[in-house]
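> My structure is in upload_34.tsv, and what it holds is TSV, C-alpha atoms:
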```
chain	number	residue	atom	x	y	z
A	1	MET	CA	91.36	-176.33	-146.31
A	2	LEU	CA	87.58	-175.69	-146.54
A	3	ILE	CA	88.18	-173.38	-149.48
A	4	GLN	CA	90.16	-176.12	-151.26
A	5	ILE	CA	87.25	-178.53	-150.79
A	6	GLY	CA	84.96	-175.79	-152.14
A	7	GLU	CA	87.15	-175.35	-155.20
A	8	ALA	CA	87.24	-179.09	-155.83
A	9	LEU	CA	83.43	-179.19	-155.57
A	10	GLN	CA	82.81	-176.34	-157.97
A	11	ASP	CA	85.30	-177.76	-160.50
A	12	ASN	CA	83.53	-181.13	-160.51
A	13	SER	CA	82.10	-181.60	-164.01
A	14	LEU	CA	78.72	-182.91	-162.80
A	15	ILE	CA	78.32	-179.91	-160.46
A	16	VAL	CA	79.29	-177.54	-163.28
A	17	THR	CA	76.74	-179.12	-165.62
A	18	LEU	CA	73.93	-179.07	-163.06
A	19	ASN	CA	74.45	-175.36	-162.39
A	20	SER	CA	75.09	-174.16	-165.93
A	21	VAL	CA	72.45	-175.93	-168.05
A	22	GLY	CA	69.37	-173.70	-167.82
A	23	TRP	CA	66.68	-176.30	-167.14
A	24	MET	CA	68.85	-178.21	-164.67
A	25	ALA	CA	69.64	-175.07	-162.65
A	26	ALA	CA	65.92	-174.16	-162.70
A	27	THR	CA	64.99	-177.67	-161.55
A	28	LEU	CA	67.35	-177.36	-158.57
A	29	GLU	CA	65.61	-174.10	-157.61
A	30	ILE	CA	62.13	-175.62	-158.01
A	31	VAL	CA	63.05	-178.59	-155.80
A	32	HIS	CA	64.69	-176.24	-153.27
A	33	TYR	CA	61.60	-174.03	-152.94
A	34	PHE	CA	59.09	-176.88	-153.02
A	35	GLY	CA	61.06	-178.83	-150.40
A	36	MET	CA	61.27	-175.72	-148.23
A	37	PHE	CA	57.50	-175.12	-148.42
A	38	VAL	CA	56.75	-178.73	-147.40
A	39	LEU	CA	59.41	-178.63	-144.66
A	40	VAL	CA	58.37	-175.32	-143.10
A	41	GLY	CA	54.63	-175.82	-143.62
A	42	SER	CA	54.70	-179.22	-141.84
A	43	ILE	CA	56.75	-178.16	-138.82
A	44	ALA	CA	54.80	-174.88	-138.55
A	45	ILE	CA	51.50	-176.76	-138.10
A	46	VAL	CA	52.99	-178.97	-135.36
A	47	ASP	CA	54.44	-175.88	-133.66
A	48	LEU	CA	51.09	-174.07	-133.91
A	49	ARG	CA	49.31	-177.12	-132.47
A	50	VAL	CA	51.69	-177.16	-129.48
A	51	MET	CA	51.21	-173.39	-129.07
A	52	GLY	CA	47.44	-173.94	-128.90
A	53	LEU	CA	46.67	-172.28	-132.24
A	54	ALA	CA	45.74	-175.21	-134.51
A	55	GLY	CA	43.67	-178.40	-134.37
A	56	GLN	CA	43.01	-178.33	-130.62
A	57	GLN	CA	40.34	-181.04	-130.98
A	58	TYR	CA	42.95	-183.56	-132.16
A	59	SER	CA	45.92	-185.13	-130.35
A	60	ALA	CA	49.20	-183.30	-130.94
A	61	THR	CA	50.97	-186.67	-131.14
A	62	LYS	CA	48.78	-187.82	-134.05
A	63	ILE	CA	49.27	-184.55	-135.92
A	64	ALA	CA	53.03	-184.77	-135.34
A	65	GLN	CA	53.24	-188.42	-136.42
A	66	ARG	CA	51.46	-187.55	-139.60
A	67	LEU	CA	53.37	-184.39	-140.50
A	68	PHE	CA	56.93	-185.15	-139.39
A	69	PRO	CA	57.57	-187.62	-142.25
A	70	TRP	CA	56.72	-184.77	-144.68
A	71	MET	CA	58.97	-182.41	-142.74
A	72	TRP	CA	61.92	-184.81	-143.16
A	73	ALA	CA	61.07	-185.49	-146.80
A	74	GLY	CA	60.90	-181.72	-147.43
A	75	LEU	CA	64.20	-181.20	-145.62
A	76	ALA	CA	65.84	-183.94	-147.72
A	77	LEU	CA	64.67	-182.33	-151.00
A	78	ASN	CA	65.61	-178.87	-149.76
A	79	PHE	CA	69.03	-179.94	-148.50
A	80	LEU	CA	70.01	-182.03	-151.52
A	81	SER	CA	69.07	-179.31	-154.05
A	82	GLY	CA	70.57	-176.64	-151.80
A	83	PHE	CA	73.85	-178.54	-151.52
A	84	LEU	CA	74.10	-178.90	-155.30
A	85	MET	CA	73.51	-175.15	-155.81
A	86	PHE	CA	75.98	-174.34	-153.02
A	87	ALA	CA	78.54	-176.67	-154.65
A	88	GLY	CA	78.36	-174.64	-157.87
A	89	ILE	CA	80.03	-171.64	-156.18
A	90	ALA	CA	81.21	-173.31	-152.98
A	91	ALA	CA	84.51	-171.44	-152.67
A	92	SER	CA	82.62	-168.11	-152.62
A	93	TYR	CA	79.88	-169.28	-150.23
A	94	ILE	CA	82.18	-170.89	-147.64
A	95	PRO	CA	83.85	-167.68	-146.35
A	96	ASP	CA	80.67	-165.53	-146.71
A	97	SER	CA	79.33	-164.38	-143.33
A	98	THR	CA	75.67	-164.15	-144.45
A	99	PHE	CA	75.78	-167.68	-145.80
A	100	ARG	CA	77.31	-168.91	-142.53
A	101	MET	CA	74.56	-167.11	-140.62
A	102	LYS	CA	71.92	-168.81	-142.79
A	103	MET	CA	73.45	-172.25	-142.10
A	104	SER	CA	73.61	-171.51	-138.34
A	105	VAL	CA	69.93	-170.48	-138.21
A	106	ILE	CA	68.93	-173.61	-140.16
A	107	LEU	CA	70.99	-175.83	-137.85
A	108	ALA	CA	69.29	-174.28	-134.81
A	109	ALA	CA	65.86	-174.68	-136.47
A	110	VAL	CA	66.53	-178.37	-137.19
A	111	VAL	CA	67.65	-178.94	-133.58
A	112	PHE	CA	64.45	-177.32	-132.27
A	113	GLY	CA	62.42	-179.36	-134.78
A	114	ILE	CA	63.98	-182.57	-133.42
A	115	ILE	CA	63.25	-181.47	-129.83
A	116	VAL	CA	59.60	-180.81	-130.70
A	117	GLN	CA	59.28	-184.16	-132.50
A	118	TRP	CA	60.91	-185.97	-129.59
A	119	LYS	CA	58.92	-184.26	-126.82
A	120	VAL	CA	55.40	-183.99	-128.29
A	121	PRO	CA	54.17	-187.40	-126.97
A	122	ALA	CA	55.28	-186.46	-123.42
A	123	TRP	CA	53.80	-182.95	-123.63
A	124	ASP	CA	50.57	-184.44	-124.96
A	125	LYS	CA	50.07	-186.48	-121.78
A	126	SER	CA	49.81	-183.43	-119.52
A	127	ALA	CA	46.50	-181.57	-119.29
A	128	GLY	CA	47.12	-178.64	-121.62
A	129	MET	CA	50.56	-178.00	-123.06
A	130	PRO	CA	53.27	-176.98	-120.54
A	131	MET	CA	54.30	-173.33	-120.84
A	132	TRP	CA	57.86	-174.19	-121.87
A	133	ALA	CA	56.55	-176.55	-124.56
A	134	LYS	CA	54.73	-173.58	-126.10
A	135	LEU	CA	57.90	-171.53	-125.79
A	136	ILE	CA	60.02	-174.18	-127.55
A	137	ALA	CA	57.42	-174.46	-130.33
A	138	ALA	CA	57.36	-170.67	-130.75
A	139	VAL	CA	61.16	-170.58	-131.00
A	140	SER	CA	61.06	-173.40	-133.57
A	141	LEU	CA	58.55	-171.47	-135.68
A	142	LEU	CA	60.51	-168.21	-135.43
A	143	LEU	CA	63.75	-169.98	-136.37
A	144	TRP	CA	62.18	-171.34	-139.57
A	145	VAL	CA	60.88	-167.89	-140.53
A	146	GLY	CA	64.37	-166.63	-139.67
A	147	ALA	CA	65.91	-169.32	-141.89
A	148	ILE	CA	63.75	-168.13	-144.81
A	149	LEU	CA	64.75	-164.52	-144.14
A	150	ALA	CA	68.44	-165.46	-143.84
A	151	GLY	CA	68.11	-167.32	-147.15
A	152	ASN	CA	66.90	-164.12	-148.81
A	153	GLU	CA	69.61	-162.06	-147.16
A	154	VAL	CA	72.39	-164.15	-148.75
A	155	PRO	CA	71.89	-162.83	-152.31
A	156	ALA	CA	70.80	-159.41	-150.97
A	157	LEU	CA	73.87	-158.80	-148.82
A	158	SER	CA	76.59	-160.91	-150.44
A	159	GLY	CA	75.49	-160.75	-154.08
A	160	LEU	CA	76.03	-164.54	-154.33
A	161	GLY	CA	73.56	-166.96	-155.93
B	1	MET	CA	45.83	-153.10	-174.47
B	2	ASP	CA	49.55	-153.64	-174.04
B	3	SER	CA	50.24	-149.97	-173.50
B	4	SER	CA	47.48	-149.53	-170.90
B	5	VAL	CA	48.82	-152.54	-168.99
B	6	VAL	CA	52.29	-151.01	-169.00
B	7	THR	CA	50.82	-147.64	-167.96
B	8	PHE	CA	49.14	-149.33	-165.02
B	9	GLY	CA	52.38	-151.11	-164.14
B	10	ASN	CA	54.32	-147.85	-164.21
B	11	TRP	CA	51.68	-146.12	-162.10
B	12	LEU	CA	51.74	-148.95	-159.52
B	13	GLN	CA	55.50	-149.15	-159.24
B	14	ASN	CA	55.68	-145.40	-158.61
B	15	ARG	CA	53.40	-145.57	-155.56
B	16	SER	CA	55.37	-144.75	-152.43
B	17	PHE	CA	55.01	-148.24	-150.87
B	18	ALA	CA	56.22	-149.88	-154.11
B	19	LEU	CA	59.19	-147.52	-154.31
B	20	ALA	CA	59.99	-148.29	-150.68
B	21	VAL	CA	60.16	-152.03	-151.43
B	22	ALA	CA	62.16	-151.52	-154.61
B	23	THR	CA	64.70	-149.02	-153.38
B	24	SER	CA	65.26	-149.87	-149.72
B	25	ASP	CA	68.31	-152.04	-149.03
B	26	TRP	CA	66.67	-153.97	-146.24
B	27	ALA	CA	62.96	-154.11	-147.16
B	28	TYR	CA	63.15	-156.42	-150.18
B	29	PRO	CA	64.45	-159.56	-148.37
B	30	PHE	CA	61.80	-159.04	-145.65
B	31	VAL	CA	59.01	-158.81	-148.22
B	32	GLN	CA	60.39	-161.93	-149.97
B	33	ALA	CA	60.46	-163.72	-146.62
B	34	THR	CA	56.81	-162.75	-146.07
B	35	HIS	CA	55.89	-164.22	-149.46
B	36	PHE	CA	57.83	-167.46	-148.81
B	37	THR	CA	56.54	-167.87	-145.24
B	38	GLY	CA	52.97	-167.57	-146.52
B	39	LEU	CA	53.76	-170.02	-149.30
B	40	SER	CA	55.24	-172.49	-146.83
B	41	LEU	CA	51.95	-172.52	-144.92
B	42	TRP	CA	49.85	-172.60	-148.11
B	43	VAL	CA	51.85	-175.16	-150.10
B	44	GLY	CA	52.88	-177.23	-147.06
B	45	THR	CA	49.32	-177.71	-145.82
B	46	THR	CA	47.98	-178.21	-149.35
B	47	VAL	CA	50.58	-180.89	-150.11
B	48	ALA	CA	49.83	-182.66	-146.80
B	49	THR	CA	46.12	-182.72	-147.73
B	50	ASP	CA	46.85	-184.00	-151.25
B	51	LEU	CA	49.14	-186.76	-149.97
B	52	SER	CA	46.41	-187.73	-147.53
B	53	LEU	CA	43.92	-187.93	-150.41
B	54	LEU	CA	46.47	-190.17	-152.13
B	55	GLY	CA	46.10	-192.46	-149.10
B	56	MET	CA	49.40	-191.63	-147.41
B	57	GLY	CA	49.70	-191.36	-143.62
B	58	ASN	CA	46.02	-192.10	-142.98
B	59	GLN	CA	46.74	-194.70	-140.27
B	60	TYR	CA	46.89	-191.80	-137.78
B	61	GLN	CA	43.90	-189.73	-138.87
B	62	SER	CA	41.35	-189.69	-141.68
B	63	PRO	CA	42.00	-187.14	-144.46
B	64	LEU	CA	39.04	-185.13	-143.17
B	65	GLN	CA	40.48	-184.92	-139.64
B	66	LEU	CA	43.82	-183.74	-141.03
B	67	PHE	CA	42.02	-181.23	-143.22
B	68	ASN	CA	40.18	-179.85	-140.17
B	69	VAL	CA	43.56	-179.16	-138.54
B	70	LEU	CA	45.03	-177.52	-141.63
B	71	PHE	CA	42.12	-175.57	-143.14
B	72	VAL	CA	42.43	-172.26	-141.27
B	73	TRP	CA	46.23	-172.07	-141.60
B	74	ASN	CA	45.98	-173.04	-145.24
B	75	TRP	CA	44.05	-169.84	-145.98
B	76	ILE	CA	46.04	-167.70	-143.54
B	77	GLY	CA	49.12	-168.83	-145.50
B	78	PHE	CA	47.40	-167.88	-148.74
B	79	CYS	CA	46.62	-164.37	-147.47
B	80	ILE	CA	50.22	-163.85	-146.29
B	81	ALA	CA	51.56	-165.13	-149.62
B	82	VAL	CA	49.26	-162.81	-151.59
B	83	LEU	CA	50.24	-159.81	-149.45
B	84	GLY	CA	53.98	-160.46	-149.90
B	85	GLY	CA	53.49	-161.37	-153.55
B	86	PHE	CA	51.58	-158.18	-154.29
B	87	LEU	CA	54.34	-156.07	-152.74
B	88	LEU	CA	57.03	-157.91	-154.73
B	89	PHE	CA	54.95	-157.46	-157.89
B	90	SER	CA	54.33	-153.77	-157.32
B	91	ALA	CA	58.06	-153.11	-156.88
B	92	SER	CA	58.55	-153.75	-160.62
B	93	ALA	CA	55.01	-154.13	-161.95
B	94	ALA	CA	55.63	-152.98	-165.53
B	95	THR	CA	58.35	-155.63	-165.99
B	96	TYR	CA	56.22	-158.42	-164.50
B	97	LEU	CA	53.21	-157.52	-166.64
B	98	ILE	CA	55.07	-158.33	-169.85
B	99	ASN	CA	56.84	-161.45	-168.52
B	100	PRO	CA	55.34	-164.62	-170.09
B	101	ALA	CA	56.21	-166.85	-167.09
B	102	PHE	CA	54.56	-164.39	-164.67
B	103	LEU	CA	51.49	-164.06	-166.87
B	104	THR	CA	51.21	-167.87	-167.15
B	105	LYS	CA	51.57	-168.21	-163.38
B	106	LEU	CA	49.09	-165.52	-162.42
B	107	GLY	CA	46.70	-165.62	-165.36
B	108	ILE	CA	46.34	-169.37	-165.90
B	109	LEU	CA	47.96	-171.65	-163.32
B	110	ILE	CA	46.91	-169.95	-160.08
B	111	PRO	CA	43.24	-169.40	-161.08
B	112	LEU	CA	42.91	-173.03	-162.23
B	113	GLY	CA	44.81	-174.30	-159.18
B	114	LEU	CA	42.56	-172.30	-156.86
B	115	MET	CA	39.41	-173.67	-158.50
B	116	LEU	CA	40.66	-177.23	-158.07
B	117	HIS	CA	41.78	-176.42	-154.51
B	118	ILE	CA	38.34	-175.11	-153.51
B	119	LEU	CA	36.61	-178.03	-155.23
B	120	ILE	CA	38.79	-180.47	-153.25
B	121	GLN	CA	38.01	-178.61	-150.02
B	122	GLN	CA	34.29	-179.01	-150.74
B	123	LYS	CA	34.57	-182.68	-151.68
B	124	ILE	CA	36.91	-183.76	-148.89
B	125	ARG	CA	33.96	-183.81	-146.48
B	126	VAL	CA	32.77	-186.86	-148.43
B	127	TRP	CA	36.08	-188.22	-149.78
B	128	GLY	CA	38.01	-187.91	-146.56
B	129	GLN	CA	35.85	-189.74	-144.03
B	130	GLN	CA	37.67	-193.07	-144.35
B	131	PRO	CA	41.43	-193.78	-144.47
B	132	GLN	CA	40.84	-195.53	-147.80
B	133	THR	CA	40.00	-192.75	-150.27
B	134	PRO	CA	37.98	-193.23	-153.48
B	135	ARG	CA	39.82	-193.28	-156.81
B	136	VAL	CA	38.47	-189.85	-157.83
B	137	ALA	CA	39.93	-188.36	-154.63
B	138	ARG	CA	43.35	-189.86	-155.36
B	139	ILE	CA	43.30	-188.46	-158.89
B	140	ALA	CA	42.25	-185.03	-157.60
B	141	GLY	CA	45.01	-185.08	-154.95
B	142	LEU	CA	47.67	-186.06	-157.50
B	143	VAL	CA	46.51	-183.43	-160.01
B	144	GLU	CA	46.54	-180.69	-157.38
B	145	LEU	CA	50.04	-181.72	-156.23
B	146	LEU	CA	51.31	-181.47	-159.80
B	147	PHE	CA	49.48	-178.16	-160.23
B	148	TRP	CA	51.31	-176.42	-157.40
B	149	ILE	CA	54.63	-177.84	-158.58
B	150	SER	CA	53.85	-176.25	-161.96
B	151	VAL	CA	53.11	-172.92	-160.22
B	152	VAL	CA	56.52	-173.06	-158.50
B	153	THR	CA	58.06	-173.94	-161.88
B	154	ALA	CA	56.47	-170.89	-163.53
B	155	ALA	CA	57.58	-168.67	-160.64
B	156	VAL	CA	61.18	-169.88	-160.80
B	157	SER	CA	61.11	-169.34	-164.59
B	158	ILE	CA	60.23	-165.63	-164.29
B	159	PRO	CA	63.85	-164.35	-164.16
B	160	TYR	CA	64.78	-166.64	-167.08
B	161	PHE	CA	62.43	-164.55	-169.25
B	162	GLY	CA	63.36	-161.19	-167.80
```
Can I see the file as structure tokens?

Amino acid sequence: MLIQIGEALQDNSLIVTLNSVGWMAATLEIVHYFGMFVLVGSIAIVDLRVMGLAGQQYSATKIAQRLFPWMWAGLALNFLSGFLMFAGIAASYIPDSTFRMKMSVILAAVVFGIIVQWKVPAWDKSAGMPMWAKLIAAVSLLLWVGAILAGNEVPALSGLG
Amino acid sequence: MDSSVVTFGNWLQNRSFALAVATSDWAYPFVQATHFTGLSLWVGTTVATDLSLLGMGNQYQSPLQLFNVLFVWNWIGFCIAVLGGFLLFSASAATYLINPAFLTKLGILIPLGLMLHILIQQKIRVWGQQPQTPRVARIAGLVELLFWISVVTAAVSIPYFG
């Protein structure tokens, strides 16, 4: 079933064009990397602030309010370009265990990102960040580094992409 | 000149650390991840500063206050990116040294981008005090944003020339 959807995706003429014309394929990669840098850079600073390692003289809520829009914008760019590249060889990616691992790590990282965004105003009210807030922020940061590593493992281990 | 550059590249890629990166099954993705994690910090914090200079998101903090939060991690990201990048480069130095996209990236775009970046970091102490930034600051922010997009473009183009 999933494989059939994958085959339909990768036979779509727009998807084929986007992935086979040199400058279009390169543009997808550029958007994917640039979106990832903005996404991970923004959430990393909020995580580091919660962990007590950045901008301690400023309110964590203000830093989060300012950076989370860029995190979501980066995620949108990263996801859209990533989906279009995935679609180009979807039937091969779908059953691949490394690709599935990458998607799982990203899903977990997004969930932790949402928790941090949701909880920062409450954490900010207590004197000094609660210990478990720092722990959640550290896990969020590690998951994003893990997502980057998993992304590099897909071509390294599966030969896809 | 060409031959001495290639000689240097061959010498570098035969160092034991470079061979380890190039030939180990597991090391290469880790080194790539180091490069990209550093770049996320460097580009992410740089883009946030540039967007702030463009006047975006300044209802929460002035550009200078944001910059004070980001500054240290901006340069930590740069150092991590350079470390990972150097290891990736040394794994196949002789090939990179004759690649036009790599040479454009490292020889032209990054030096110019760094000069602009440092200039902005000097000037933001004046430009960034108020939420409303002067026109010159907005132009500088936009130009730097486009500059780092062009660096990513050159980097992505490297395999297309290889």
> Select from chain A every residue with an atom at most 6 Å from any atom of chain B, then for each give the shortest pair of atoms and their distance in Å to one decimal, using all atoms listed in the file, rows by chain and rising number, as a tab-separated table.

```
residue	atom	partner	partner_atom	distance
A:Ile30	CA	B:Thr153	CA	5.9
A:Phe37	CA	B:Ser40	CA	3.8
A:Val38	CA	B:Gly44	CA	4.2
A:Val40	CA	B:Ser40	CA	5.6
A:Gly41	CA	B:Gly44	CA	4.1
A:Ser42	CA	B:Gly44	CA	5.9
A:Gly55	CA	B:Val69	CA	4.2
A:Lys62	CA	B:Tyr60	CA	5.8
A:Arg66	CA	B:Gly57	CA	5.8
A:Ile148	CA	B:Ala33	CA	5.8
A:Leu149	CA	B:Ala33	CA	5.0
A:Asn152	CA	B:Pro29	CA	5.2
A:Glu153	CA	B:Pro29	CA	5.9
```
> Dump C-alpha atoms for the selected residues as a short mmCIF file (atom, residue, chain, number, x, y, z; two decimals), keeping the file's coordinate frame?

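Printed below is selection.cif as written:
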```cif
data_model
loop_
_atom_site.label_atom_id
_atom_site.label_comp_id
_atom_site.auth_asym_id
_atom_site.auth_seq_id
_atom_site.Cartn_x
_atom_site.Cartn_y
_atom_site.Cartn_z
CA ILE A 30 62.13 -175.62 -158.01
CA PHE A 37 57.50 -175.12 -148.42
CA VAL A 38 56.75 -178.73 -147.40
CA VAL A 40 58.37 -175.32 -143.10
CA GLY A 41 54.63 -175.82 -143.62
CA SER A 42 54.70 -179.22 -141.84
CA GLY A 55 43.67 -178.40 -134.37
CA LYS A 62 48.78 -187.82 -134.05
CA ARG A 66 51.46 -187.55 -139.60
CA ILE A 148 63.75 -168.13 -144.81
CA LEU A 149 64.75 -164.52 -144.14
CA ASN A 152 66.90 -164.12 -148.81
CA GLU A 153 69.61 -162.06 -147.16
#
```
> Using only C-alpha atoms for the distances, tell me which of B:Trp75, B:Phe147, B:Phe161, B:Phe17 is nearest to Phe89 (chain B).
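Ranked by minimum distance to Phe89 (chain B), first place goes to B:Phe17.
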> Which one of A:Ala8, A:Ala64, A:Ala108, A:Val116 sits closest to Ala87 (chain A) if you count all atoms listed in the file?
A:Ala8
> Report, in Å with one decimal, the straight-line distance from CA of Leu19 (chain B) to CA of Ser92 (chain B).
8.9 Å
> For the point (63.0, -177.7, -154.9) in file coordinates, what residues are within 9 Å, counting only C-alpha atoms? Give the answer as a ChimeraX atom specification?
/A:27-37,74,77-78,80-82 /B:152
> Neighbours of Ala91 (chain B) within 12 Å (only C-alpha atoms; same-chain residues fewer than 5 positions away dropped), as an MDAnalysis selection string?
chainID B and resid 9:24 27:28 31:32 84:86 96:97
> Which of these, B:Ile124, B:Leu103, B:Ile158, B:Leu145, has the shortest distance to Leu64 (chain B) once you count all atoms listed in the file?
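Nearest to Leu64 (chain B): B:Ile124.
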> Excluding Leu9 (chain A) and its own-chain neighbours fewer than 3 positions away, which residues fall within 9 Å of it when counting all atoms listed in the file? Please give them as a PDB file with C-alpha atoms, in the frame of the given file.

```
ATOM      1  CA  GLN A   4      90.160-176.120-151.260  1.00  0.00           C
ATOM      2  CA  ILE A   5      87.250-178.530-150.790  1.00  0.00           C
ATOM      3  CA  GLY A   6      84.960-175.790-152.140  1.00  0.00           C
ATOM      4  CA  ASN A  12      83.530-181.130-160.510  1.00  0.00           C
ATOM      5  CA  SER A  13      82.100-181.600-164.010  1.00  0.00           C
ATOM      6  CA  ILE A  15      78.320-179.910-160.460  1.00  0.00           C
ATOM      7  CA  VAL A  16      79.290-177.540-163.280  1.00  0.00           C
ATOM      8  CA  ALA A  87      78.540-176.670-154.650  1.00  0.00           C
ATOM      9  CA  GLY A  88      78.360-174.640-157.870  1.00  0.00           C
ATOM     10  CA  ILE A  89      80.030-171.640-156.180  1.00  0.00           C
ATOM     11  CA  ALA A  90      81.210-173.310-152.980  1.00  0.00           C
ATOM     12  CA  ALA A  91      84.510-171.440-152.670  1.00  0.00           C
TER      13      ALA A  91
END
```
> Which protein, DNA or RNA residues have an atom at most 12 Å from (49.8, -179.3, -122.0), counting only C-alpha atoms? List them as a ChimeraX atom specification.
/A:49-52,56,59-61,119-135
> If I take CA of Ile98 (chain B) and CA of Ala156 (chain A), how far is one from the other in Å, to one decimal?
24.6 Å
> If you measure from CA of His117 (chain B) to CA of Gly113 (chain A), what distance in Å do you get, rounded to one decimal?
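Those two atoms sit 28.7 Å apart.
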> Measuring atom to atom with all atoms listed in the file, identify which of A:Leu18, A:Asp47, A:Ala25, A:Ser92 is nearest to Leu2 (chain A).
A:Ser92
> Applying 12 Å and only C-alpha atoms, which residues near Ile106 (chain A) remain after dropping the ones on its own chain fewer than 5 positions away? List them as a ChimeraX atom specification.
/A:36,39-40,75,78-79,99-101,111-113,140-151
> Those selected residues, please, written with C-alpha atoms and delivered as a PDB file, in the coordinates of the input.

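File produced: result13.pdb:
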```
ATOM      1  CA  MET A  36      61.270-175.720-148.230  1.00  0.00           C
ATOM      2  CA  LEU A  39      59.410-178.630-144.660  1.00  0.00           C
ATOM      3  CA  VAL A  40      58.370-175.320-143.100  1.00  0.00           C
ATOM      4  CA  LEU A  75      64.200-181.200-145.620  1.00  0.00           C
ATOM      5  CA  ASN A  78      65.610-178.870-149.760  1.00  0.00           C
ATOM      6  CA  PHE A  79      69.030-179.940-148.500  1.00  0.00           C
ATOM      7  CA  PHE A  99      75.780-167.680-145.800  1.00  0.00           C
ATOM      8  CA  ARG A 100      77.310-168.910-142.530  1.00  0.00           C
ATOM      9  CA  MET A 101      74.560-167.110-140.620  1.00  0.00           C
ATOM     10  CA  VAL A 111      67.650-178.940-133.580  1.00  0.00           C
ATOM     11  CA  PHE A 112      64.450-177.320-132.270  1.00  0.00           C
ATOM     12  CA  GLY A 113      62.420-179.360-134.780  1.00  0.00           C
ATOM     13  CA  SER A 140      61.060-173.400-133.570  1.00  0.00           C
ATOM     14  CA  LEU A 141      58.550-171.470-135.680  1.00  0.00           C
ATOM     15  CA  LEU A 142      60.510-168.210-135.430  1.00  0.00           C
ATOM     16  CA  LEU A 143      63.750-169.980-136.370  1.00  0.00           C
ATOM     17  CA  TRP A 144      62.180-171.340-139.570  1.00  0.00           C
ATOM     18  CA  VAL A 145      60.880-167.890-140.530  1.00  0.00           C
ATOM     19  CA  GLY A 146      64.370-166.630-139.670  1.00  0.00           C
ATOM     20  CA  ALA A 147      65.910-169.320-141.890  1.00  0.00           C
ATOM     21  CA  ILE A 148      63.750-168.130-144.810  1.00  0.00           C
ATOM     22  CA  LEU A 149      64.750-164.520-144.140  1.00  0.00           C
ATOM     23  CA  ALA A 150      68.440-165.460-143.840  1.00  0.00           C
ATOM     24  CA  GLY A 151      68.110-167.320-147.150  1.00  0.00           C
TER      25      GLY A 151
END
```
> Can you report as AutoDock Vina command-line options the centre and edge lengths in Å, to one decimal, of an axis-aligned box around the listed atoms of region 81-89 of chain B padded with 8 Å on each side?

```
--center_x 53.1 --center_y -160.6 --center_z -153.7 --size_x 23.8 --size_y 25.1 --size_z 24.4
```
> So which one's closest to Ser4 (chain B), B:Phe78, B:Ala94, B:Lys105, B:Leu116? Using all atoms listed in the file, please.
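For Ser4 (chain B), the nearest of the candidates is B:Ala94.
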